[in-house]
Each structure stands twice: as structure tokens, then as C-alpha cells.
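Source file: start07.cif; contents: mmCIF, C-alpha atoms and all ligand atoms.
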data_model
loop_
_atom_site.label_atom_id
_atom_site.label_comp_id
_atom_site.auth_asym_id
_atom_site.auth_seq_id
_atom_site.Cartn_x
_atom_site.Cartn_y
_atom_site.Cartn_z
CA MET A 1 34.94 45.08 94.40
CA VAL A 2 35.53 47.53 91.60
CA GLY A 3 34.81 51.24 91.82
CA ILE A 4 32.80 52.80 89.03
CA ALA A 5 31.69 56.30 88.24
CA ILE A 6 28.20 56.82 86.93
CA GLY A 7 27.22 59.84 84.90
CA THR A 8 24.44 60.76 82.57
CA SER A 9 24.92 61.36 78.91
CA SER A 10 24.64 65.05 79.79
CA GLY A 11 27.86 64.70 81.77
CA ILE A 12 26.72 64.60 85.45
CA ARG A 13 28.85 62.07 87.33
CA VAL A 14 28.23 60.34 90.65
CA SER A 15 30.19 57.47 92.20
CA ALA A 16 28.74 54.09 93.02
CA PRO A 17 30.19 50.75 94.12
CA CYS A 18 30.01 47.85 91.72
CA PHE A 19 29.06 44.47 93.19
CA SER A 20 31.13 42.29 90.87
CA ALA A 21 33.62 42.68 88.06
CA PRO A 22 31.41 43.03 85.00
CA LYS A 23 32.07 40.78 82.02
CA PHE A 24 30.08 41.23 78.87
CA ARG A 25 30.40 41.31 75.11
CA GLY A 26 29.06 43.84 72.68
CA ASN A 27 27.93 47.35 73.36
CA LEU A 28 25.38 46.90 76.09
CA PRO A 29 25.65 45.08 79.39
CA SER A 30 23.88 41.77 79.06
CA ARG A 31 21.73 39.97 81.64
CA ASN A 32 24.66 37.90 82.78
CA TRP A 33 26.50 41.05 83.76
CA VAL A 34 23.77 41.79 86.29
CA ALA A 35 23.40 38.16 87.30
CA GLY A 36 27.06 37.43 87.87
CA THR A 37 29.53 35.78 85.54
CA ARG A 38 29.05 35.15 81.86
CA MET A 39 29.78 31.47 82.28
CA ASP A 40 26.92 30.93 84.74
CA PHE A 41 24.52 32.28 82.17
CA ARG A 42 25.95 30.26 79.30
CA ARG A 43 25.96 26.97 81.16
CA LYS A 44 22.24 27.35 81.85
CA SER A 45 21.50 28.28 78.25
CA THR A 46 23.55 25.57 76.56
CA PRO A 47 21.10 23.83 74.24
CA LEU A 48 20.72 20.06 74.03
CA SER A 49 22.13 19.96 70.50
CA CYS A 50 25.23 21.57 71.85
CA ARG A 51 25.59 19.07 74.68
CA ARG A 52 25.05 16.23 72.21
CA ALA A 53 27.63 17.76 69.92
CA LYS A 54 30.08 17.87 72.77
CA GLU A 55 29.51 14.19 73.47
CA GLU A 56 30.00 13.36 69.77
CA SER A 57 33.02 15.68 69.56
CA THR A 58 33.16 19.19 68.19
CA ASP A 59 34.38 17.99 64.79
CA ALA A 60 31.08 16.36 63.99
CA CYS A 61 29.43 19.74 64.20
CA ILE A 62 31.04 21.38 61.18
CA SER A 63 29.78 20.53 57.74
CA GLU A 64 28.96 22.26 54.49
CA THR A 65 25.39 22.52 55.67
CA SER A 66 26.14 24.00 59.09
CA THR A 67 23.65 26.68 60.04
CA ASP A 68 24.41 29.83 61.95
CA ASP A 69 22.87 28.21 65.03
CA ASP A 70 25.28 25.30 64.63
CA THR A 71 28.15 27.74 64.48
CA ALA A 72 26.95 29.61 67.54
CA ASN A 73 26.52 26.31 69.36
CA LEU A 74 29.99 25.26 68.35
CA ILE A 75 31.48 28.31 69.90
CA LYS A 76 29.68 27.49 73.13
CA VAL A 77 30.89 23.89 72.90
CA ARG A 78 34.39 25.17 72.49
CA GLU A 79 34.06 27.27 75.61
CA LEU A 80 32.69 24.32 77.54
CA GLU A 81 35.53 22.14 76.33
CA ASN A 82 37.93 24.76 77.51
CA GLY A 83 36.31 24.21 80.89
CA ASN A 84 35.95 27.87 81.60
CA LEU A 85 36.05 31.31 80.05
CA PRO A 86 38.26 31.38 76.94
CA ASP A 87 40.81 33.64 78.61
CA ASP A 88 41.35 31.08 81.41
CA ALA A 89 41.95 28.28 78.90
CA ALA A 90 44.28 30.56 76.97
CA ALA A 91 46.28 31.42 80.07
CA LYS A 92 46.80 27.70 80.74
CA GLN A 93 48.40 27.43 77.29
CA GLY A 94 50.78 30.29 78.06
CA ILE A 95 48.80 32.87 76.09
CA ARG A 96 49.29 36.29 77.68
CA ILE A 97 47.05 38.22 75.30
CA ARG A 98 43.59 38.68 76.81
CA ARG A 99 40.74 38.58 74.31
CA ARG A 100 38.98 41.60 75.77
CA PRO A 101 39.31 43.92 78.78
CA PRO A 102 38.65 41.77 81.87
CA THR A 103 36.55 44.54 83.36
CA GLY A 104 34.72 45.47 80.18
CA PRO A 105 35.24 48.51 77.99
CA PRO A 106 36.17 51.73 79.82
CA THR A 107 32.81 53.41 79.21
CA HIS A 108 29.37 52.13 78.41
CA MET A 109 25.79 53.28 78.60
CA VAL A 110 22.98 51.83 80.68
CA GLY A 111 19.87 53.73 79.66
CA PRO A 112 20.73 57.39 80.15
CA PHE A 113 23.67 56.59 82.45
CA GLN A 114 27.25 56.51 81.40
CA PHE A 115 29.51 54.20 83.39
CA ARG A 116 33.26 54.57 83.58
CA LEU A 117 35.28 51.84 85.24
CA GLU A 118 38.01 53.19 87.45
CA ASN A 119 40.55 50.40 87.67
CA GLU A 120 43.64 49.39 85.80
CA GLY A 121 42.26 46.16 84.32
CA ASN A 122 40.93 47.81 81.20
CA THR A 123 44.30 49.07 80.00
CA PRO A 124 45.92 46.85 77.34
CA ARG A 125 49.31 45.55 78.41
CA ASN A 126 50.95 45.78 74.98
CA ILE A 127 50.23 46.68 71.35
CA LEU A 128 49.07 43.20 70.36
CA GLU A 129 46.57 43.18 73.19
CA LYS A 130 45.39 46.65 72.15
CA ILE A 131 44.92 45.45 68.55
CA ILE A 132 42.94 42.43 69.76
CA TRP A 133 40.68 44.47 72.02
CA ASP A 134 40.01 46.93 69.22
CA LYS A 135 39.33 44.02 66.87
CA ASP A 136 36.86 42.49 69.33
CA VAL A 137 34.81 45.70 69.33
CA GLU A 138 35.16 46.15 65.55
CA VAL A 139 34.03 42.60 64.77
CA SER A 140 31.07 42.69 67.15
CA GLN A 141 29.91 45.93 65.51
CA ILE A 142 30.34 44.83 61.90
CA LYS A 143 28.64 41.49 62.66
CA GLU A 144 25.54 43.39 63.69
CA ARG A 145 25.44 45.04 60.27
CA LYS A 146 26.50 41.94 58.30
CA PRO A 147 25.45 38.80 60.14
CA LEU A 148 26.98 35.45 59.22
CA ASN A 149 24.05 34.35 57.06
CA VAL A 150 24.48 37.47 54.90
CA VAL A 151 28.23 36.91 54.58
CA LYS A 152 27.67 33.25 53.71
CA LYS A 153 25.34 34.27 50.88
CA ALA A 154 28.06 36.58 49.53
CA LEU A 155 30.43 33.60 49.27
CA ALA A 156 28.63 32.54 46.11
CA ASP A 157 29.82 35.73 44.36
CA ALA A 158 33.43 35.42 45.54
CA PRO A 159 36.07 34.51 42.95
CA PRO A 160 37.19 30.87 43.08
CA VAL A 161 39.73 30.08 45.76
CA ARG A 162 43.35 29.62 44.59
CA ASP A 163 45.88 27.12 45.96
CA PHE A 164 48.09 29.22 48.26
CA VAL A 165 50.34 26.41 49.49
CA GLY A 166 50.58 24.97 45.96
CA ALA A 167 51.78 28.35 44.64
CA LEU A 168 54.47 28.52 47.34
CA LYS A 169 55.67 24.99 46.59
CA ALA A 170 55.73 25.62 42.84
CA SER A 171 57.77 28.80 43.31
CA TYR A 172 60.27 27.05 45.58
CA GLN A 173 60.66 24.26 43.01
CA ARG A 174 61.07 26.76 40.19
CA THR A 175 63.60 29.11 41.77
CA GLY A 176 65.35 26.96 44.36
CA MET A 177 64.90 29.89 46.72
CA PRO A 178 62.28 30.57 49.38
CA ALA A 179 58.95 31.45 47.78
CA LEU A 180 58.02 35.07 48.36
CA ILE A 181 54.83 36.23 50.04
CA ALA A 182 55.12 39.95 49.35
CA GLU A 183 53.17 42.16 51.73
CA VAL A 184 50.96 45.06 50.67
CA LYS A 185 51.42 47.11 53.83
CA LYS A 186 50.97 50.85 54.10
CA ALA A 187 51.79 51.34 57.77
CA SER A 188 52.50 49.42 60.94
CA PRO A 189 52.39 50.11 64.66
CA SER A 190 56.15 49.63 64.95
CA ARG A 191 57.25 51.69 61.92
CA GLY A 192 54.41 54.16 61.31
CA VAL A 193 53.65 55.01 57.68
CA LEU A 194 55.93 52.99 55.40
CA ARG A 195 54.79 54.45 52.11
CA GLU A 196 52.88 57.68 51.49
CA ASP A 197 52.27 57.06 47.80
CA PHE A 198 50.31 53.85 48.26
CA ASP A 199 48.39 52.28 45.40
CA PRO A 200 47.62 48.70 46.50
CA VAL A 201 46.72 47.37 43.04
CA GLU A 202 49.79 48.88 41.41
CA ILE A 203 52.03 47.45 44.14
CA ALA A 204 50.37 44.03 43.89
CA ASN A 205 50.89 43.93 40.11
CA ALA A 206 54.53 44.95 40.51
CA TYR A 207 55.11 42.22 43.10
CA GLU A 208 53.53 39.61 40.86
CA LYS A 209 55.48 40.69 37.78
CA ASN A 210 58.74 40.47 39.69
CA GLY A 211 58.32 36.93 40.97
CA ALA A 212 56.19 36.97 44.14
CA ALA A 213 54.46 33.61 44.59
CA CYS A 214 51.69 34.96 46.82
CA LEU A 215 50.67 38.30 48.30
CA SER A 216 49.78 39.28 51.85
CA VAL A 217 47.29 42.13 52.13
CA LEU A 218 46.86 43.96 55.44
CA THR A 219 43.18 44.55 56.10
CA ASP A 220 43.30 46.09 59.57
CA GLU A 221 42.45 49.79 59.25
CA LYS A 222 43.10 51.16 62.68
CA HIS A 223 46.70 50.05 63.18
CA PHE A 224 47.95 49.29 59.64
CA GLN A 225 45.89 51.60 57.41
CA GLY A 226 44.83 48.54 55.45
CA SER A 227 41.34 47.58 54.30
CA PHE A 228 39.14 44.87 52.87
CA GLU A 229 38.59 47.22 49.93
CA ASN A 230 42.31 46.82 49.14
CA LEU A 231 42.01 43.03 49.28
CA GLU A 232 38.94 43.06 47.08
CA ALA A 233 40.45 45.54 44.61
CA ILE A 234 43.62 43.45 44.22
CA CYS A 235 41.56 40.33 43.73
CA ARG A 236 39.20 41.92 41.21
CA ALA A 237 42.12 43.51 39.29
CA GLY A 238 43.07 40.07 38.02
CA VAL A 239 46.23 39.57 40.08
CA GLU A 240 46.93 35.84 39.82
CA CYS A 241 49.00 35.38 42.98
CA PRO A 242 46.92 33.77 45.75
CA LEU A 243 46.08 36.28 48.49
CA LEU A 244 46.65 36.04 52.24
CA CYS A 245 44.21 38.16 54.23
CA LYS A 246 46.54 39.61 56.88
CA GLU A 247 44.06 40.15 59.67
CA PHE A 248 43.81 39.54 63.40
CA ILE A 249 41.32 36.68 63.40
CA ILE A 250 39.53 36.08 66.67
CA ASP A 251 36.11 35.07 65.40
CA ALA A 252 34.95 32.51 62.83
CA TRP A 253 32.85 35.20 61.17
CA GLN A 254 36.06 36.92 59.99
CA ILE A 255 37.11 33.83 58.03
CA TYR A 256 33.89 33.78 56.04
CA TYR A 257 34.17 37.52 55.53
CA ALA A 258 37.77 37.24 54.28
CA ARG A 259 36.74 34.56 51.76
CA SER A 260 33.82 36.68 50.58
CA LYS A 261 36.35 39.44 49.80
CA GLY A 262 38.61 37.15 47.77
CA ALA A 263 41.06 35.74 50.32
CA ASP A 264 42.77 32.43 49.50
CA ALA A 265 44.49 32.17 52.89
CA ILE A 266 44.17 33.63 56.36
CA LEU A 267 46.52 34.18 59.27
CA LEU A 268 46.01 32.57 62.69
CA ILE A 269 48.24 33.90 65.48
CA ALA A 270 49.10 31.34 68.14
CA ALA A 271 49.99 34.11 70.61
CA VAL A 272 46.32 35.08 70.56
CA LEU A 273 44.39 31.88 69.86
CA PRO A 274 44.05 28.86 72.15
CA ASP A 275 44.48 25.42 70.56
CA LEU A 276 40.76 24.83 70.25
CA ASP A 277 40.33 28.05 68.31
CA ILE A 278 43.15 27.06 65.98
CA LYS A 279 41.56 23.64 65.44
CA TYR A 280 38.13 25.11 64.90
CA PHE A 281 39.32 27.88 62.58
CA THR A 282 41.53 25.58 60.48
CA LYS A 283 38.54 23.30 60.08
CA ILE A 284 36.49 26.18 58.71
CA CYS A 285 39.39 27.00 56.39
CA ARG A 286 39.43 23.46 55.05
CA MET A 287 35.69 23.65 54.49
CA LEU A 288 36.09 26.88 52.51
CA GLY A 289 39.20 25.71 50.64
CA LEU A 290 41.39 28.34 52.33
CA ALA A 291 44.95 27.84 53.52
CA ALA A 292 45.76 28.78 57.12
CA LEU A 293 49.13 30.30 57.93
CA VAL A 294 49.54 29.56 61.62
CA GLU A 295 52.00 32.01 63.13
CA VAL A 296 54.29 31.31 66.07
CA HIS A 297 56.99 33.32 67.75
CA ASP A 298 58.48 31.08 70.41
CA GLU A 299 59.12 27.44 71.27
CA ARG A 300 56.01 27.03 73.33
CA GLU A 301 53.77 28.29 70.54
CA MET A 302 55.61 26.09 68.03
CA ASP A 303 55.11 23.00 70.23
CA ARG A 304 51.41 23.77 70.63
CA VAL A 305 50.94 24.13 66.88
CA LEU A 306 52.98 21.01 66.09
CA SER A 307 50.66 19.01 68.31
CA ILE A 308 47.64 20.02 66.20
CA ASP A 309 46.83 17.68 63.31
CA GLY A 310 46.46 18.91 59.76
CA ILE A 311 48.57 22.08 59.91
CA GLN A 312 50.25 22.60 56.52
CA LEU A 313 51.82 26.03 56.90
CA ILE A 314 53.60 27.52 59.90
CA GLY A 315 54.94 31.07 59.96
CA ILE A 316 57.77 31.91 62.33
CA ASN A 317 57.52 35.59 63.12
CA ASN A 318 60.88 37.14 63.91
CA ARG A 319 59.03 40.11 65.37
CA ASP A 320 57.88 39.91 68.96
CA LEU A 321 54.41 41.42 68.59
CA GLU A 322 54.38 42.52 72.22
CA THR A 323 57.71 44.40 72.22
CA PHE A 324 58.37 44.94 68.46
CA GLU A 325 61.86 43.47 68.82
CA VAL A 326 62.97 41.79 65.58
CA ASP A 327 65.58 39.03 65.53
CA ILE A 328 65.90 36.74 62.52
CA SER A 329 67.82 34.14 64.53
CA ASN A 330 64.42 33.34 66.00
CA THR A 331 63.61 31.38 62.84
CA LYS A 332 66.77 29.30 63.20
CA ARG A 333 66.22 28.64 66.90
CA LEU A 334 62.68 27.36 66.38
CA LEU A 335 63.71 25.01 63.59
CA GLU A 336 66.59 23.36 65.40
CA GLY A 337 66.62 19.77 66.66
CA GLU A 338 63.49 17.74 67.24
CA ARG A 339 61.13 20.51 66.13
CA GLY A 340 62.79 20.64 62.72
CA GLU A 341 62.48 16.87 62.44
CA ILE A 342 58.78 16.86 63.30
CA ILE A 343 58.19 19.61 60.75
CA HIS A 344 60.01 17.55 58.13
CA GLN A 345 58.11 14.35 59.01
CA LYS A 346 54.79 16.16 58.88
CA ASP A 347 55.74 17.82 55.59
CA ILE A 348 54.87 21.25 56.97
CA MET A 349 56.03 24.24 54.98
CA VAL A 350 57.65 26.94 57.11
CA VAL A 351 57.48 30.65 56.31
CA GLY A 352 60.10 33.02 57.76
CA GLU A 353 58.38 36.29 58.62
CA SER A 354 59.56 39.85 59.32
CA GLY A 355 62.85 41.70 59.39
CA LEU A 356 64.24 40.35 56.10
CA PHE A 357 66.21 43.00 54.21
CA THR A 358 69.14 41.47 52.30
CA PRO A 359 70.14 38.40 50.24
CA LYS A 360 72.17 37.36 53.28
CA ASP A 361 69.01 37.39 55.43
CA ILE A 362 67.23 35.25 52.83
CA SER A 363 70.10 32.71 52.72
CA TYR A 364 70.21 32.66 56.51
CA VAL A 365 66.55 31.70 56.90
CA GLN A 366 66.73 29.30 53.95
CA ASP A 367 69.66 27.52 55.59
CA ALA A 368 67.60 27.36 58.78
CA GLY A 369 64.94 25.41 56.86
CA VAL A 370 62.29 27.83 55.57
CA LYS A 371 60.83 27.32 52.12
CA ALA A 372 58.97 30.64 52.00
CA VAL A 373 59.37 34.17 53.35
CA LEU A 374 56.89 36.91 54.19
CA VAL A 375 58.33 40.35 53.50
CA GLY A 376 56.78 43.78 53.96
CA GLU A 377 58.87 46.73 55.01
CA SER A 378 62.03 46.12 52.99
CA LEU A 379 60.06 45.98 49.72
CA ILE A 380 57.32 48.52 50.32
CA LYS A 381 59.81 51.23 51.25
CA GLN A 382 61.66 50.97 47.93
CA ASP A 383 60.96 53.55 45.22
CA ASP A 384 60.01 50.60 43.04
CA PRO A 385 58.74 47.81 45.34
CA GLY A 386 58.62 45.30 42.45
CA ARG A 387 62.26 45.85 41.50
CA GLY A 388 63.09 45.62 45.20
CA ILE A 389 62.45 41.87 45.00
CA ALA A 390 65.58 41.21 42.89
CA GLY A 391 67.56 43.32 45.35
CA LEU A 392 66.26 41.31 48.28
CA PHE A 393 66.98 37.91 46.71
CA GLY A 394 70.21 38.90 44.98
CA ARG A 395 68.78 37.91 41.61
CA ASP A 396 65.69 38.11 39.45
CA ILE A 397 63.35 35.44 40.81
CA SER A 398 60.74 36.00 38.12
CA LEU A 399 62.94 33.96 35.80
CA ARG A 400 63.39 30.21 35.72
CA VAL A 401 66.73 28.88 37.06
O1 LIG B 501 54.66 45.16 61.82
C1 LIG B 501 54.28 45.50 62.96
O2 LIG B 501 54.66 46.54 63.53
C2 LIG B 501 53.30 44.65 63.72
C3 LIG B 501 52.86 45.05 64.97
C4 LIG B 501 51.94 44.30 65.65
C5 LIG B 501 51.42 43.14 65.12
C6 LIG B 501 51.85 42.74 63.86
C7 LIG B 501 52.78 43.47 63.17
N1 LIG B 501 53.21 43.11 61.91
C8 LIG B 501 52.78 41.97 61.22
C9 LIG B 501 53.95 41.28 60.66
O3 LIG B 501 54.41 40.39 61.29
C10 LIG B 501 54.60 41.82 59.42
O4 LIG B 501 53.74 42.67 58.74
C11 LIG B 501 55.13 40.80 58.42
O5 LIG B 501 55.71 39.69 58.98
C12 LIG B 501 56.17 41.52 57.52
O6 LIG B 501 57.19 42.06 58.33
P1 LIG B 501 58.23 43.12 57.78
O7 LIG B 501 58.90 42.52 56.56
O8 LIG B 501 59.23 43.30 58.86
O9 LIG B 501 57.48 44.34 57.43
#

Show me this structure written as C-alpha cells.
Ligand SMILES: O=C(O)c1ccccc1NCC(=O)[C@H](O)[C@H](O)COP(=O)(O)O
Amino acid sequence: MVGIAIGTSSGIRVSAPCFSAPKFRGNLPSRNWVAGTRMDFRRKSTPLSCRRAKEESTDACISETSTDDDTANLIKVRELENGNLPDDAAAKQGIRIRRRPPTGPPTHMVGPFQFRLENEGNTPRNILEKIIWDKDVEVSQIKERKPLNVVKKALADAPPVRDFVGALKASYQRTGMPALIAEVKKASPSRGVLREDFDPVEIANAYEKNGAACLSVLTDEKHFQGSFENLEAICRAGVECPLLCKEFIIDAWQIYYARSKGADAILLIAAVLPDLDIKYFTKICRMLGLAALVEVHDEREMDRVLSIDGIQLIGINNRDLETFEVDISNTKRLLEGERGEIIHQKDIMVVGESGLFTPKDISYVQDAGVKAVLVGESLIKQDDPGRGIAGLFGRDISLRV
């Protein structure tokens, strides 16, 4: 039993017991909150098409002509396949990040009453979990204003998708050094504001001119001071480098939205997403022509991702997103032995991410087996971020070898 405090919007508070731990999505408690668990409600409401889809496999469900109902059904199928609530399935795969507070948001309104949950469950355990919980609220709110069918219509006006992986491969061939994904990043939770004088289009142009193969654009506002306006502005300014939308994707809607704003690639974080989400989201990417950079941080995540078919691009993040510790030997460790061999056999391109500051760092991760690097801080903090690229690589990579 969980204790809750009830007050009115005018501030009067009384205490009342709560009969079960509430679980709901969105801003208002749903029927299932009153009835019991969310899963009970969903099982009863699973439509026949969804059950049939499950029998025929989830894959059959996604096509160019998928409707929003199909997509909603698919998400339910995915939950059924997981056998339980998504967080339970995630925990079985070693995922510690919970998708949303297990006891619901700290405060919510029921008619004129304001409820505040008084237990510890609704406190995020680390920064990544905090980002994900904030993202869950943000996405559910923006989806109300811009439903999927509206976003899908906007896809027709989006600029054509560019070949992100192709650009990385071409750069690697041309320079003999890891291809650079240069990050347009104003601030981060671990380092605070990295650059006061921040003009995203100017920085993007400078990166491109100085040899970046692709760009990564932070779009999260709350924790990185990024935005989709930045992504769109860089895209519309005629920058030719393919663009990675650096976002915390937890919902298929975000992938369509990223594409509508000009993204050529998206990031999927294995520390947050269960295997079925990764499979489902990469399928949507293929449908939209987007590349998916699937990010791992440890052996377990790497093994999970290697067991998924069709992954072309894996990012090894040297930063532990729960503790902020950065250690570039992480890249080497994850590419040693059998894992390195599987990556080679599957022709997967590996991107070394975070904490790269010197030519020695670049050589180190290249020797470990990466063919691309994702770099933010060490470039963005330079007076001239474009010129910083030659400093980082030890030579001008905009020139042919
Ligand atoms: O950078 C952070 O503090 C951070 C915190 C929580 C989640 C993600 C975070 N960063 C995303 C990245 O991994 C980096 O932006 C990217 O790899 C570039 O890293 P760096 O070159 O060290 O800026």
C-alpha cells in the first residue's frame, strides 16, 4: 500500500490511503489506474487484428501503408510479446533504466483534487533515468498537439534522406582515418554549458568545411539546450553532411518526427530500449530510409545488439550515462575477441563515442577497430570548432590522402 496526500488545487491537503500502486501514462489517471494494473486493461482491449498480427509475427505488421491504428496495435503486440509490462521485460535484459516512475508522476490532478505520492519510487535513480522520465512526459504532451498522422503528412515536405552510413564509409576510405561525426552540442548534464556563443548553423558549416563526414545534432532541450529548430535550421541551410538526430528515443513517434525535421539517422540507446524496441524502431528506420546508430556501453548491451539482425552501425559510448565516468578503453574492451570477430563477419561499422580529445585518442580507438568517431566537447569548446578538427586528428582531414 502506498500513502498519498490529497489536496485541492487551492492548496488544502488531506491524507488518504491508496489501494494499489497506480500505473498510468499521460497527464490524467486512466481507467486502468482505478481498475488495477495497466496490463489487465490492455489484455482485455487487445483487438483481433493485433492478436492475428502476433500470430503472424510483428514484422508483418509494418509496411509503407501502415495506419496509425496499426502502429498502436504493434506497440500493444510488442508489450504482449514481452509477456508483461515493458519495464519487466527490460529488467530481464539487464536494463536498469525504468521507462517512467513506477508509481506515476509525483503530482497529478483528479478533478479538483491534487494528489502527491509520498514514496521513494518516483525519484529517478540517475541522470539517464531522469532524462528518460522527462522525455516520456514531453513526448506524450507533444503527441497530443502533433499526432502521428499529422507528422506523417509532414514527411512529404522533408528534404530527401541522405546516406549516413555511406558518408561514413566514403570518408574512411578517403582519409584512412575514422570518419568524423561532429556533434553540435551546446551543453550537457555532465559538463554544463560548453559554449556560450552558440550558432548551430555556423558551427555545422565549419565542421563540414573541415572534413566532418556527418553531424550529430542534439535536440533535447531540457538537459542539452538543443532543439529540433537547430536540426531543421542546419538541414535547411544546405549543409551536405548527413544529420544524426541526437535524441532519447523511446517512442516510434519520435522517429517520424525526427525525419520530418530533416534527420538522416537516429540514435537508439540499448541501456534504455529492450530488444523488441530496437527491432521495431530499426524496422521503422529502414522503412523511412534512416540509419540507426545503436549505442552500447557494456558487454551485455553489445551482446544483445549483436544478436539482432540487420544492425549496420553500433556506437560504443565511452561515457557511462548513469555515472558520467568516461574511459576510452571501454571501446577497446568491447571490441576484443569474439565480439570483434562477429562485428567483422557482420560487416558492422563501429563508432567510438565520447571523451576523444587528442590524435593519440583517435589512434587508440582506430587501433581498437572503430571506423568512425563521434566527438562533441573537444571540438565545440575550441575558439574555432572547425579548425579544432585538424587538431584532434593531427592533420587536415578535409584533404585527400
Ligand atoms: O554528455 C553527457 O553529459 C551525457 C549525459 C547523459 C546522457 C548522454 C550524454 N551525452 C551524450 C553523448 O554520449 C555525447 O554527447 C557524445 O558521445 C559526444 O561526447 P563528448 O565528445 O565527450 O562530448

(message) Using all atoms listed in the file, which residues have at least one atom no more than 8 Å from ligand LIG 501 (chain B)? Output them as a ChimeraX atom specification.
(response) /A:127-128,131,183,185,187-192,218,246,317-319,321-322,324,326,353-357,374-379

(request) Go through A:Pro200, A:Ala182, A:His297, A:Gln345 one by one, measure the shortest atom-to-atom distance of each to Glu325 of chain A using only C-alpha atoms, and give the residue with the smallest value. (result)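 Smallest separation from Glu325 of chain A among the options: A:His297.
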
(message) Excluding Phe228 of chain A and its own-chain neighbours fewer than 3 positions away, which residues fall within 9 Å of it when counting all atoms listed in the file? Please give them as a ChimeraX atom specification.
(response) /A:217-221,231-233,245,258,261

Output the selection as a PDB file, in the coordinates of the input - C-alpha atoms for each residue.
ATOM      1  CA  VAL A 217      47.290  42.130  52.130  1.00  0.00           C
ATOM      2  CA  LEU A 218      46.860  43.960  55.440  1.00  0.00           C
ATOM      3  CA  THR A 219      43.180  44.550  56.100  1.00  0.00           C
ATOM      4  CA  ASP A 220      43.300  46.090  59.570  1.00  0.00           C
ATOM      5  CA  GLU A 221      42.450  49.790  59.250  1.00  0.00           C
ATOM      6  CA  LEU A 231      42.010  43.030  49.280  1.00  0.00           C
ATOM      7  CA  GLU A 232      38.940  43.060  47.080  1.00  0.00           C
ATOM      8  CA  ALA A 233      40.450  45.540  44.610  1.00  0.00           C
ATOM      9  CA  CYS A 245      44.210  38.160  54.230  1.00  0.00           C
ATOM     10  CA  ALA A 258      37.770  37.240  54.280  1.00  0.00           C
ATOM     11  CA  LYS A 261      36.350  39.440  49.800  1.00  0.00           C
TER      12      LYS A 261
END

(request) Kindly give the distance, in Å, that separates atom CA of Leu244 of chain A and atom CA of Pro124 of chain A, rounded to a single decimal. (result)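 Atom CA of Pro124 of chain A lies 27.3 Å from atom CA of Leu244 of chain A.
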
(request) In Å, rounded to a single decimal, give me how far atom CA of Ile311 of chain A is from atom CA of Pro242 of chain A. (result) 18.4 Å

(request) Using all atoms listed in the file, find the one residue out of A:Ile142, A:Val137, A:Ile132, A:Cys285 that sits nearest to His223 of chain A. (result)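 Using all atoms listed in the file, the shortest distance to His223 of chain A belongs to A:Ile132.
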
(message) Under the rule that all atoms listed in the file are counted, which of A:Asn210, A:Ser227, A:Thr331, A:Gln312 is the nearest residue to Glu247 of chain A?
(response) A:Ser227

(request) Tell me, as a list in words, which residues lie within 10 Å of Val272 of chain A, counting all atoms listed in the file; anything in the same chain fewer than 6 positions away does not count. (result) Asp87, Ala90, Gly94, Ile95, Arg96, Ile97, Arg98, Arg99, Leu128, Glu129, Ile132, Phe248, Ile249, Ile250, Ile278, Glu295 and Val296 of chain A
